[in-house]
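Undergrad: Below is the file work16.cif, which contains mmCIF, N, CA, C and O atoms.
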data_start
loop_
_atom_site.label_atom_id
_atom_site.label_comp_id
_atom_site.auth_asym_id
_atom_site.auth_seq_id
_atom_site.Cartn_x
_atom_site.Cartn_y
_atom_site.Cartn_z
N LEU A 146 -21.56 -1.16 4.39
CA LEU A 146 -21.67 -2.14 3.32
C LEU A 146 -20.71 -1.87 2.17
O LEU A 146 -20.88 -2.38 1.08
N ASP A 147 -19.68 -1.04 2.42
CA ASP A 147 -18.68 -0.78 1.40
C ASP A 147 -17.84 -2.03 1.13
O ASP A 147 -17.75 -2.93 1.97
N ILE A 148 -17.22 -2.03 -0.01
CA ILE A 148 -16.32 -3.11 -0.39
C ILE A 148 -14.91 -2.52 -0.42
O ILE A 148 -14.66 -1.53 -1.09
N CYS A 149 -14.01 -3.15 0.33
CA CYS A 149 -12.63 -2.68 0.45
C CYS A 149 -11.71 -3.72 -0.18
O CYS A 149 -11.81 -4.90 0.13
N LEU A 150 -10.81 -3.27 -1.00
CA LEU A 150 -9.90 -4.17 -1.70
C LEU A 150 -8.47 -3.69 -1.54
O LEU A 150 -8.15 -2.55 -1.85
N ALA A 151 -7.60 -4.56 -1.04
CA ALA A 151 -6.17 -4.27 -0.98
C ALA A 151 -5.55 -4.72 -2.29
O ALA A 151 -5.49 -5.91 -2.58
N ASP A 152 -5.11 -3.76 -3.09
CA ASP A 152 -4.50 -4.05 -4.39
C ASP A 152 -3.00 -3.82 -4.26
O ASP A 152 -2.52 -2.71 -4.47
N ASN A 153 -2.25 -4.88 -3.88
CA ASN A 153 -0.82 -4.68 -3.66
C ASN A 153 -0.06 -4.43 -4.96
O ASN A 153 1.01 -3.87 -4.94
N GLY A 154 -0.62 -4.81 -6.09
CA GLY A 154 0.01 -4.51 -7.37
C GLY A 154 -0.02 -3.03 -7.69
O GLY A 154 0.89 -2.50 -8.32
N ALA A 155 -1.06 -2.33 -7.22
CA ALA A 155 -1.19 -0.89 -7.44
C ALA A 155 -0.77 -0.09 -6.21
O ALA A 155 -0.87 1.13 -6.21
N ASN A 156 -0.33 -0.78 -5.15
CA ASN A 156 0.08 -0.12 -3.90
C ASN A 156 -1.01 0.78 -3.35
O ASN A 156 -0.76 1.92 -2.96
N ALA A 157 -2.24 0.26 -3.31
CA ALA A 157 -3.37 1.06 -2.86
C ALA A 157 -4.49 0.18 -2.31
O ALA A 157 -4.55 -1.01 -2.61
N VAL A 158 -5.33 0.80 -1.51
CA VAL A 158 -6.59 0.20 -1.09
C VAL A 158 -7.68 0.98 -1.78
O VAL A 158 -7.69 2.22 -1.75
N VAL A 159 -8.58 0.27 -2.43
CA VAL A 159 -9.69 0.91 -3.14
C VAL A 159 -10.98 0.55 -2.43
O VAL A 159 -11.20 -0.61 -2.07
N VAL A 160 -11.82 1.55 -2.22
CA VAL A 160 -13.09 1.34 -1.54
C VAL A 160 -14.21 1.82 -2.46
O VAL A 160 -14.17 2.94 -2.98
N VAL A 161 -15.20 0.94 -2.65
CA VAL A 161 -16.38 1.26 -3.44
C VAL A 161 -17.62 0.98 -2.60
O VAL A 161 -17.57 0.21 -1.64
N SER A 162 -18.73 1.60 -2.95
CA SER A 162 -19.98 1.37 -2.24
C SER A 162 -20.52 0.00 -2.61
O SER A 162 -20.02 -0.67 -3.52
N ALA A 163 -21.58 -0.41 -1.93
CA ALA A 163 -22.20 -1.71 -2.18
C ALA A 163 -22.70 -1.84 -3.62
O ALA A 163 -22.79 -2.95 -4.15
N VAL A 164 -22.99 -0.71 -4.26
CA VAL A 164 -23.46 -0.75 -5.66
C VAL A 164 -22.34 -0.51 -6.65
O VAL A 164 -22.57 -0.40 -7.84
N GLY A 165 -21.10 -0.45 -6.14
CA GLY A 165 -19.95 -0.33 -7.03
C GLY A 165 -19.48 1.07 -7.33
O GLY A 165 -18.59 1.26 -8.16
N LYS A 166 -20.02 2.08 -6.66
CA LYS A 166 -19.61 3.47 -6.89
C LYS A 166 -18.30 3.74 -6.13
O LYS A 166 -18.19 3.48 -4.95
N PHE A 167 -17.33 4.29 -6.84
CA PHE A 167 -16.03 4.59 -6.25
C PHE A 167 -16.18 5.57 -5.09
O PHE A 167 -16.85 6.58 -5.21
N ARG A 168 -15.57 5.24 -3.95
CA ARG A 168 -15.59 6.12 -2.78
C ARG A 168 -14.25 6.81 -2.58
O ARG A 168 -14.18 8.00 -2.46
N PHE A 169 -13.18 6.01 -2.47
CA PHE A 169 -11.85 6.61 -2.33
C PHE A 169 -10.77 5.57 -2.59
O PHE A 169 -11.03 4.38 -2.65
N ARG A 170 -9.57 6.09 -2.69
CA ARG A 170 -8.37 5.27 -2.86
C ARG A 170 -7.38 5.72 -1.80
O ARG A 170 -7.09 6.91 -1.68
N TYR A 171 -6.85 4.77 -1.04
CA TYR A 171 -5.88 5.07 0.01
C TYR A 171 -4.53 4.51 -0.42
O TYR A 171 -4.42 3.34 -0.75
N THR A 172 -3.50 5.36 -0.39
CA THR A 172 -2.18 4.95 -0.86
C THR A 172 -1.10 5.09 0.22
O THR A 172 0.08 5.19 -0.11
N GLY A 173 -1.50 5.07 1.46
CA GLY A 173 -0.53 5.16 2.55
C GLY A 173 -0.46 6.53 3.16
O GLY A 173 -1.11 7.47 2.69
N ASN A 174 0.33 6.64 4.20
CA ASN A 174 0.39 7.90 4.93
C ASN A 174 1.42 8.87 4.37
O ASN A 174 1.37 10.05 4.64
N GLN A 175 2.35 8.40 3.58
CA GLN A 175 3.36 9.25 2.96
C GLN A 175 3.42 8.92 1.47
O GLN A 175 3.94 7.88 1.10
N PRO A 176 2.91 9.81 0.62
CA PRO A 176 2.86 9.49 -0.82
C PRO A 176 4.21 9.13 -1.43
O PRO A 176 4.27 8.34 -2.36
N GLU A 177 5.29 9.68 -0.90
CA GLU A 177 6.60 9.41 -1.49
C GLU A 177 7.21 8.10 -1.00
O GLU A 177 8.24 7.67 -1.49
N GLU A 178 6.58 7.45 -0.04
CA GLU A 178 7.10 6.19 0.50
C GLU A 178 6.35 4.99 -0.07
O GLU A 178 5.21 5.11 -0.50
N SER A 179 6.99 3.84 -0.04
CA SER A 179 6.36 2.61 -0.51
C SER A 179 5.21 2.20 0.42
O SER A 179 5.28 2.39 1.62
N PHE A 180 4.17 1.68 -0.17
CA PHE A 180 3.02 1.15 0.56
C PHE A 180 2.63 -0.15 -0.11
O PHE A 180 2.38 -0.18 -1.31
N TYR A 181 2.63 -1.23 0.66
CA TYR A 181 2.32 -2.53 0.10
C TYR A 181 1.20 -3.18 0.91
O TYR A 181 1.46 -3.98 1.81
N PRO A 182 -0.05 -2.82 0.63
CA PRO A 182 -1.17 -3.38 1.40
C PRO A 182 -1.37 -4.85 1.07
O PRO A 182 -1.34 -5.24 -0.08
N TYR A 183 -1.55 -5.62 2.10
CA TYR A 183 -1.76 -7.04 1.85
C TYR A 183 -3.06 -7.51 2.50
O TYR A 183 -4.06 -7.68 1.83
N GLY A 184 -3.05 -7.68 3.81
CA GLY A 184 -4.27 -8.07 4.49
C GLY A 184 -5.11 -6.85 4.83
O GLY A 184 -4.59 -5.76 5.05
N ILE A 185 -6.42 -7.05 4.86
CA ILE A 185 -7.32 -5.93 5.15
C ILE A 185 -8.53 -6.46 5.91
O ILE A 185 -9.00 -7.58 5.66
N THR A 186 -9.00 -5.67 6.86
CA THR A 186 -10.20 -6.01 7.62
C THR A 186 -10.84 -4.72 8.11
O THR A 186 -10.27 -3.65 7.96
N THR A 187 -12.03 -4.84 8.68
CA THR A 187 -12.69 -3.70 9.31
C THR A 187 -13.05 -4.08 10.73
O THR A 187 -13.15 -5.25 11.07
N ASP A 188 -13.25 -3.05 11.55
CA ASP A 188 -13.63 -3.32 12.93
C ASP A 188 -15.07 -2.87 13.19
O ASP A 188 -15.76 -2.42 12.27
N SER A 189 -15.51 -2.97 14.44
CA SER A 189 -16.90 -2.66 14.79
C SER A 189 -17.24 -1.18 14.64
O SER A 189 -18.41 -0.82 14.62
N GLN A 190 -16.23 -0.33 14.51
CA GLN A 190 -16.47 1.10 14.31
C GLN A 190 -16.25 1.51 12.85
O GLN A 190 -16.07 2.68 12.55
N ASN A 191 -16.26 0.53 11.97
CA ASN A 191 -16.13 0.74 10.52
C ASN A 191 -14.79 1.32 10.10
O ASN A 191 -14.68 1.90 9.03
N ARG A 192 -13.78 1.16 10.93
CA ARG A 192 -12.44 1.57 10.54
C ARG A 192 -11.80 0.44 9.75
O ARG A 192 -12.13 -0.73 9.94
N ILE A 193 -10.90 0.80 8.86
CA ILE A 193 -10.23 -0.17 8.01
C ILE A 193 -8.82 -0.39 8.56
O ILE A 193 -8.11 0.58 8.84
N LEU A 194 -8.44 -1.64 8.74
CA LEU A 194 -7.10 -1.98 9.20
C LEU A 194 -6.39 -2.68 8.05
O LEU A 194 -6.91 -3.65 7.49
N ILE A 195 -5.21 -2.17 7.71
CA ILE A 195 -4.49 -2.64 6.53
C ILE A 195 -3.08 -3.07 6.93
O ILE A 195 -2.32 -2.27 7.49
N ALA A 196 -2.72 -4.30 6.63
CA ALA A 196 -1.36 -4.77 6.87
C ALA A 196 -0.45 -4.27 5.76
O ALA A 196 -0.70 -4.53 4.59
N ASP A 197 0.58 -3.53 6.13
CA ASP A 197 1.59 -3.04 5.18
C ASP A 197 2.81 -3.94 5.31
O ASP A 197 3.57 -3.86 6.27
N LYS A 198 2.97 -4.80 4.34
CA LYS A 198 4.00 -5.83 4.38
C LYS A 198 5.41 -5.25 4.29
O LYS A 198 6.35 -5.80 4.85
N ILE A 199 5.59 -4.12 3.63
CA ILE A 199 6.90 -3.50 3.48
C ILE A 199 7.33 -2.76 4.74
O ILE A 199 8.46 -2.88 5.21
N LYS A 200 6.43 -1.98 5.32
CA LYS A 200 6.76 -1.17 6.50
C LYS A 200 6.56 -1.91 7.82
O LYS A 200 6.83 -1.37 8.88
N ASP A 201 6.05 -3.15 7.75
CA ASP A 201 5.85 -3.97 8.95
C ASP A 201 4.96 -3.27 9.98
O ASP A 201 5.28 -3.23 11.17
N ASN A 202 3.85 -2.72 9.51
CA ASN A 202 2.91 -2.08 10.43
C ASN A 202 1.48 -2.26 9.92
O ASN A 202 1.25 -2.83 8.86
N ILE A 203 0.55 -1.76 10.71
CA ILE A 203 -0.87 -1.80 10.36
C ILE A 203 -1.37 -0.37 10.29
O ILE A 203 -1.20 0.40 11.24
N HIS A 204 -1.99 0.00 9.18
CA HIS A 204 -2.59 1.31 9.04
C HIS A 204 -4.02 1.24 9.56
O HIS A 204 -4.77 0.34 9.18
N LEU A 205 -4.39 2.18 10.40
CA LEU A 205 -5.75 2.31 10.90
C LEU A 205 -6.38 3.49 10.18
O LEU A 205 -5.93 4.64 10.36
N VAL A 206 -7.37 3.22 9.34
CA VAL A 206 -7.91 4.23 8.43
C VAL A 206 -9.39 4.45 8.71
O VAL A 206 -10.15 3.49 8.90
N HIS A 207 -9.79 5.71 8.72
CA HIS A 207 -11.19 6.09 8.91
C HIS A 207 -12.02 5.58 7.73
O HIS A 207 -11.51 5.43 6.62
N GLN A 208 -13.29 5.36 7.95
CA GLN A 208 -14.17 4.85 6.89
C GLN A 208 -14.29 5.79 5.70
O GLN A 208 -14.77 5.40 4.64
N ASP A 209 -13.81 7.04 5.85
CA ASP A 209 -13.81 7.98 4.73
C ASP A 209 -12.43 8.15 4.11
O ASP A 209 -12.24 9.01 3.26
N GLY A 210 -11.46 7.35 4.56
CA GLY A 210 -10.19 7.27 3.86
C GLY A 210 -9.00 8.01 4.45
O GLY A 210 -7.93 7.97 3.86
N HIS A 211 -9.13 8.67 5.58
CA HIS A 211 -7.95 9.34 6.12
C HIS A 211 -7.32 8.52 7.25
O HIS A 211 -8.01 7.82 7.99
N LEU A 212 -6.02 8.62 7.33
CA LEU A 212 -5.25 7.85 8.31
C LEU A 212 -5.56 8.32 9.72
O LEU A 212 -5.50 9.51 10.03
N LEU A 213 -5.88 7.37 10.59
CA LEU A 213 -6.10 7.65 12.01
C LEU A 213 -4.85 7.35 12.83
O LEU A 213 -4.63 7.96 13.88
N GLY A 214 -4.05 6.42 12.38
CA GLY A 214 -2.83 6.07 13.10
C GLY A 214 -2.21 4.81 12.55
O GLY A 214 -2.75 4.15 11.67
N LEU A 215 -1.04 4.50 13.10
CA LEU A 215 -0.32 3.29 12.72
C LEU A 215 -0.16 2.41 13.94
O LEU A 215 0.09 2.90 15.05
N ILE A 216 -0.29 1.13 13.75
CA ILE A 216 0.01 0.15 14.79
C ILE A 216 1.36 -0.42 14.40
O ILE A 216 1.47 -1.21 13.47
N ASP A 217 2.40 0.05 15.09
CA ASP A 217 3.74 -0.32 14.65
C ASP A 217 4.70 -0.62 15.80
O ASP A 217 5.90 -0.69 15.60
N ASN A 218 4.19 -0.82 16.99
CA ASN A 218 5.07 -1.05 18.12
C ASN A 218 4.97 -2.49 18.64
O ASN A 218 5.12 -2.73 19.83
N TYR A 219 4.75 -3.45 17.75
CA TYR A 219 4.62 -4.85 18.15
C TYR A 219 5.62 -5.75 17.44
O TYR A 219 5.41 -6.94 17.36
N ASP A 220 6.69 -5.18 16.92
CA ASP A 220 7.73 -5.95 16.24
C ASP A 220 7.14 -6.88 15.18
O ASP A 220 7.46 -8.07 15.11
N LEU A 221 6.27 -6.34 14.35
CA LEU A 221 5.66 -7.13 13.28
C LEU A 221 6.69 -7.39 12.18
O LEU A 221 7.53 -6.53 11.88
N GLN A 222 6.62 -8.57 11.59
CA GLN A 222 7.54 -8.95 10.53
C GLN A 222 6.74 -9.49 9.36
O GLN A 222 6.19 -10.58 9.42
N SER A 223 6.66 -8.71 8.30
CA SER A 223 5.91 -9.05 7.10
C SER A 223 4.47 -9.46 7.42
O SER A 223 4.05 -10.58 7.11
N PRO A 224 3.70 -8.54 8.02
CA PRO A 224 2.30 -8.87 8.31
C PRO A 224 1.54 -9.11 7.01
O PRO A 224 1.65 -8.36 6.07
N ARG A 225 0.80 -10.19 6.99
CA ARG A 225 0.13 -10.57 5.75
C ARG A 225 -1.39 -10.62 5.90
O ARG A 225 -2.10 -10.15 5.04
N CYS A 226 -1.89 -11.20 6.96
CA CYS A 226 -3.33 -11.34 7.17
C CYS A 226 -3.71 -10.67 8.48
O CYS A 226 -2.97 -10.75 9.46
N VAL A 227 -4.86 -10.03 8.48
CA VAL A 227 -5.36 -9.38 9.69
C VAL A 227 -6.85 -9.69 9.86
O VAL A 227 -7.57 -9.84 8.87
N CYS A 228 -7.28 -9.78 11.12
CA CYS A 228 -8.70 -9.89 11.41
C CYS A 228 -8.94 -9.36 12.82
O CYS A 228 -8.01 -9.29 13.63
N VAL A 229 -10.17 -8.97 13.09
CA VAL A 229 -10.56 -8.43 14.39
C VAL A 229 -11.70 -9.28 14.92
O VAL A 229 -12.65 -9.58 14.19
N ASP A 230 -11.62 -9.66 16.20
CA ASP A 230 -12.72 -10.41 16.78
C ASP A 230 -13.71 -9.48 17.48
O ASP A 230 -13.52 -8.25 17.52
N SER A 231 -14.77 -10.04 18.03
CA SER A 231 -15.83 -9.25 18.64
C SER A 231 -15.40 -8.55 19.93
O SER A 231 -16.06 -7.64 20.40
N LYS A 232 -14.26 -8.96 20.49
CA LYS A 232 -13.75 -8.34 21.72
C LYS A 232 -12.74 -7.23 21.43
O LYS A 232 -12.17 -6.66 22.35
N GLY A 233 -12.50 -6.95 20.17
CA GLY A 233 -11.57 -5.89 19.81
C GLY A 233 -10.13 -6.31 19.73
O GLY A 233 -9.23 -5.47 19.70
N ASN A 234 -9.88 -7.59 19.68
CA ASN A 234 -8.51 -8.08 19.51
C ASN A 234 -8.17 -8.11 18.03
O ASN A 234 -8.97 -8.58 17.22
N LEU A 235 -7.01 -7.64 17.70
CA LEU A 235 -6.51 -7.69 16.34
C LEU A 235 -5.55 -8.87 16.24
O LEU A 235 -4.64 -9.01 17.05
N PHE A 236 -5.77 -9.73 15.26
CA PHE A 236 -4.88 -10.86 15.02
C PHE A 236 -4.12 -10.60 13.72
O PHE A 236 -4.74 -10.26 12.70
N VAL A 237 -2.81 -10.72 13.80
CA VAL A 237 -1.95 -10.45 12.66
C VAL A 237 -1.10 -11.69 12.37
O VAL A 237 -0.38 -12.16 13.24
N ALA A 238 -1.22 -12.21 11.17
CA ALA A 238 -0.41 -13.35 10.75
C ALA A 238 0.80 -12.83 9.98
O ALA A 238 0.67 -12.03 9.06
N GLU A 239 1.98 -13.31 10.40
CA GLU A 239 3.21 -12.91 9.74
C GLU A 239 3.61 -13.97 8.71
O GLU A 239 3.54 -15.17 8.99
N GLN A 240 4.03 -13.49 7.56
CA GLN A 240 4.30 -14.41 6.46
C GLN A 240 5.48 -15.33 6.72
O GLN A 240 5.37 -16.55 6.57
N TYR A 241 6.61 -14.81 7.08
CA TYR A 241 7.82 -15.63 7.14
C TYR A 241 8.02 -16.33 8.49
O TYR A 241 8.59 -17.41 8.54
N THR A 242 7.56 -15.71 9.57
CA THR A 242 7.74 -16.34 10.88
C THR A 242 6.65 -17.38 11.14
O THR A 242 6.79 -18.19 12.05
N ARG A 243 5.57 -17.31 10.39
CA ARG A 243 4.41 -18.19 10.57
C ARG A 243 3.77 -18.02 11.94
O ARG A 243 3.14 -18.94 12.45
N LYS A 244 3.94 -16.85 12.53
CA LYS A 244 3.33 -16.55 13.83
C LYS A 244 2.05 -15.75 13.63
O LYS A 244 1.90 -15.02 12.66
N VAL A 245 1.15 -15.92 14.59
CA VAL A 245 -0.04 -15.07 14.66
C VAL A 245 0.07 -14.30 15.96
O VAL A 245 0.21 -14.89 17.03
N LYS A 246 0.04 -12.98 15.86
CA LYS A 246 0.16 -12.13 17.04
C LYS A 246 -1.21 -11.54 17.38
O LYS A 246 -1.94 -11.10 16.49
N LYS A 247 -1.52 -11.56 18.66
CA LYS A 247 -2.77 -10.99 19.16
C LYS A 247 -2.44 -9.62 19.75
O LYS A 247 -1.59 -9.50 20.63
N ILE A 248 -3.12 -8.59 19.23
CA ILE A 248 -2.86 -7.22 19.64
C ILE A 248 -4.15 -6.59 20.13
O ILE A 248 -5.16 -6.63 19.44
N GLN A 249 -4.10 -6.01 21.32
CA GLN A 249 -5.25 -5.26 21.82
C GLN A 249 -5.03 -3.80 21.41
O GLN A 249 -4.07 -3.18 21.83
N TYR A 250 -5.88 -3.30 20.58
CA TYR A 250 -5.77 -1.89 20.18
C TYR A 250 -7.05 -1.20 20.61
O TYR A 250 -8.05 -1.83 20.94
N TYR A 251 -7.02 0.11 20.58
CA TYR A 251 -8.18 0.87 21.07
C TYR A 251 -9.31 0.84 20.06
O TYR A 251 -9.12 1.17 18.92
N GLN A 252 -10.49 0.41 20.54
CA GLN A 252 -11.68 0.42 19.68
C GLN A 252 -12.58 1.49 20.06
O GLN A 252 -12.93 2.25 20.53
#
Show how you would write the structure in this file as structure tokens.
TA:
Amino acid sequence: LDICLADNGANAVVVVSAVGKFRFRYTGNQPEESFYPYGITTDSQNRILIADKIKDNIHLVHQDGHLLGLIDNYDLQSPRCVCVDSKGNLFVAEQYTRKVKKIQYYQ
């Protein structure tokens, strides 16, 4: 029941509990590199998926805030919106191409 917010102005994802208590802040996998979170969703295992519009990838983050991996081998171009369906398919909408890509990732 946490609340996850992609704050692209602050280059971070902020997660608070249902009652508003700060849990963690995620700023990407490399602190010295740019991170521009845009779209954000969660999956059935409570992992957070974050579209990084600058790096053209998706960050897969544990519910406690550490990086589990990157989804970056699908030639994504400015991913903006992400969602996961009940079958474990990840849908990624690209801003400039206006395409929606369906990605099967491990759940």
Undergrad: Could you state which residues are captured by the PyMOL selection byres ((chain A and resi 232-247) around 8) in this file, as a list of chain:residue names?
TA: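 Evaluating the PyMOL selection byres ((chain A and resi 232-247) around 8) on this file yields A:Gly184, A:Asp188, A:Ser189, A:Ala196, A:Tyr219, A:Leu221, A:Gln222, A:Ser223, A:Pro224, A:Arg225, A:Cys226, A:Val227, A:Cys228, A:Val229, A:Asp230, A:Ser231, A:Ile248, A:Gln249, A:Tyr250, A:Tyr251, A:Gln252.
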Undergrad: If the PyMOL selection byres ((chain A and resi 155) around 8) is run on the structure shown, which residues does it catch, given as a list in words?
TA: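 The output of the PyMOL selection byres ((chain A and resi 155) around 8) on this file is Ala151, Asp152, Asn153, Gly154, Asn156, Ala157, Val158, Tyr171, Thr172, Phe180, Tyr181 and Pro182 of chain A.
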Undergrad: Would you translate the PyMOL selection byres ((chain A and resi 162-169) around 5) into the concrete set of residues it matches in this file, as a PDB file with N, CA, C and O atoms, in the coordinates of the input?
TA:
ATOM      1  N   LEU A 146     -21.560  -1.160   4.390  1.00  0.00           N
ATOM      2  CA  LEU A 146     -21.670  -2.140   3.320  1.00  0.00           C
ATOM      3  C   LEU A 146     -20.710  -1.870   2.170  1.00  0.00           C
ATOM      4  O   LEU A 146     -20.880  -2.380   1.080  1.00  0.00           O
ATOM      5  N   ASP A 147     -19.680  -1.040   2.420  1.00  0.00           N
ATOM      6  CA  ASP A 147     -18.680  -0.780   1.400  1.00  0.00           C
ATOM      7  C   ASP A 147     -17.840  -2.030   1.130  1.00  0.00           C
ATOM      8  O   ASP A 147     -17.750  -2.930   1.970  1.00  0.00           O
ATOM      9  N   ILE A 148     -17.220  -2.030  -0.010  1.00  0.00           N
ATOM     10  CA  ILE A 148     -16.320  -3.110  -0.390  1.00  0.00           C
ATOM     11  C   ILE A 148     -14.910  -2.520  -0.420  1.00  0.00           C
ATOM     12  O   ILE A 148     -14.660  -1.530  -1.090  1.00  0.00           O
ATOM     13  N   VAL A 158      -5.330   0.800  -1.510  1.00  0.00           N
ATOM     14  CA  VAL A 158      -6.590   0.200  -1.090  1.00  0.00           C
ATOM     15  C   VAL A 158      -7.680   0.980  -1.780  1.00  0.00           C
ATOM     16  O   VAL A 158      -7.690   2.220  -1.750  1.00  0.00           O
ATOM     17  N   VAL A 159      -8.580   0.270  -2.430  1.00  0.00           N
ATOM     18  CA  VAL A 159      -9.690   0.910  -3.140  1.00  0.00           C
ATOM     19  C   VAL A 159     -10.980   0.550  -2.430  1.00  0.00           C
ATOM     20  O   VAL A 159     -11.200  -0.610  -2.070  1.00  0.00           O
ATOM     21  N   VAL A 160     -11.820   1.550  -2.220  1.00  0.00           N
ATOM     22  CA  VAL A 160     -13.090   1.340  -1.540  1.00  0.00           C
ATOM     23  C   VAL A 160     -14.210   1.820  -2.460  1.00  0.00           C
ATOM     24  O   VAL A 160     -14.170   2.940  -2.980  1.00  0.00           O
ATOM     25  N   VAL A 161     -15.200   0.940  -2.650  1.00  0.00           N
ATOM     26  CA  VAL A 161     -16.380   1.260  -3.440  1.00  0.00           C
ATOM     27  C   VAL A 161     -17.620   0.980  -2.600  1.00  0.00           C
ATOM     28  O   VAL A 161     -17.570   0.210  -1.640  1.00  0.00           O
ATOM     29  N   ARG A 170      -9.570   6.090  -2.690  1.00  0.00           N
ATOM     30  CA  ARG A 170      -8.370   5.270  -2.860  1.00  0.00           C
ATOM     31  C   ARG A 170      -7.380   5.720  -1.800  1.00  0.00           C
ATOM     32  O   ARG A 170      -7.090   6.910  -1.680  1.00  0.00           O
ATOM     33  N   TYR A 171      -6.850   4.770  -1.040  1.00  0.00           N
ATOM     34  CA  TYR A 171      -5.880   5.070   0.010  1.00  0.00           C
ATOM     35  C   TYR A 171      -4.530   4.510  -0.420  1.00  0.00           C
ATOM     36  O   TYR A 171      -4.420   3.340  -0.750  1.00  0.00           O
TER      37      TYR A 171
END
Undergrad: Find the distance between atom N of Gln208 in chain A and CA of Cys149 in chain A and write it in Å to one decimal.
TA: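 Value for the atom N of Gln208 in chain A-CA of Cys149 in chain A distance: 11.0 Å.
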Undergrad: Grab the CA of Asn191 in chain A to atom O of Gly173 in chain A distance for me, in Å with one decimal place.
TA: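 Calculated distance between CA of Asn191 in chain A and atom O of Gly173 in chain A is 18.2 Å.
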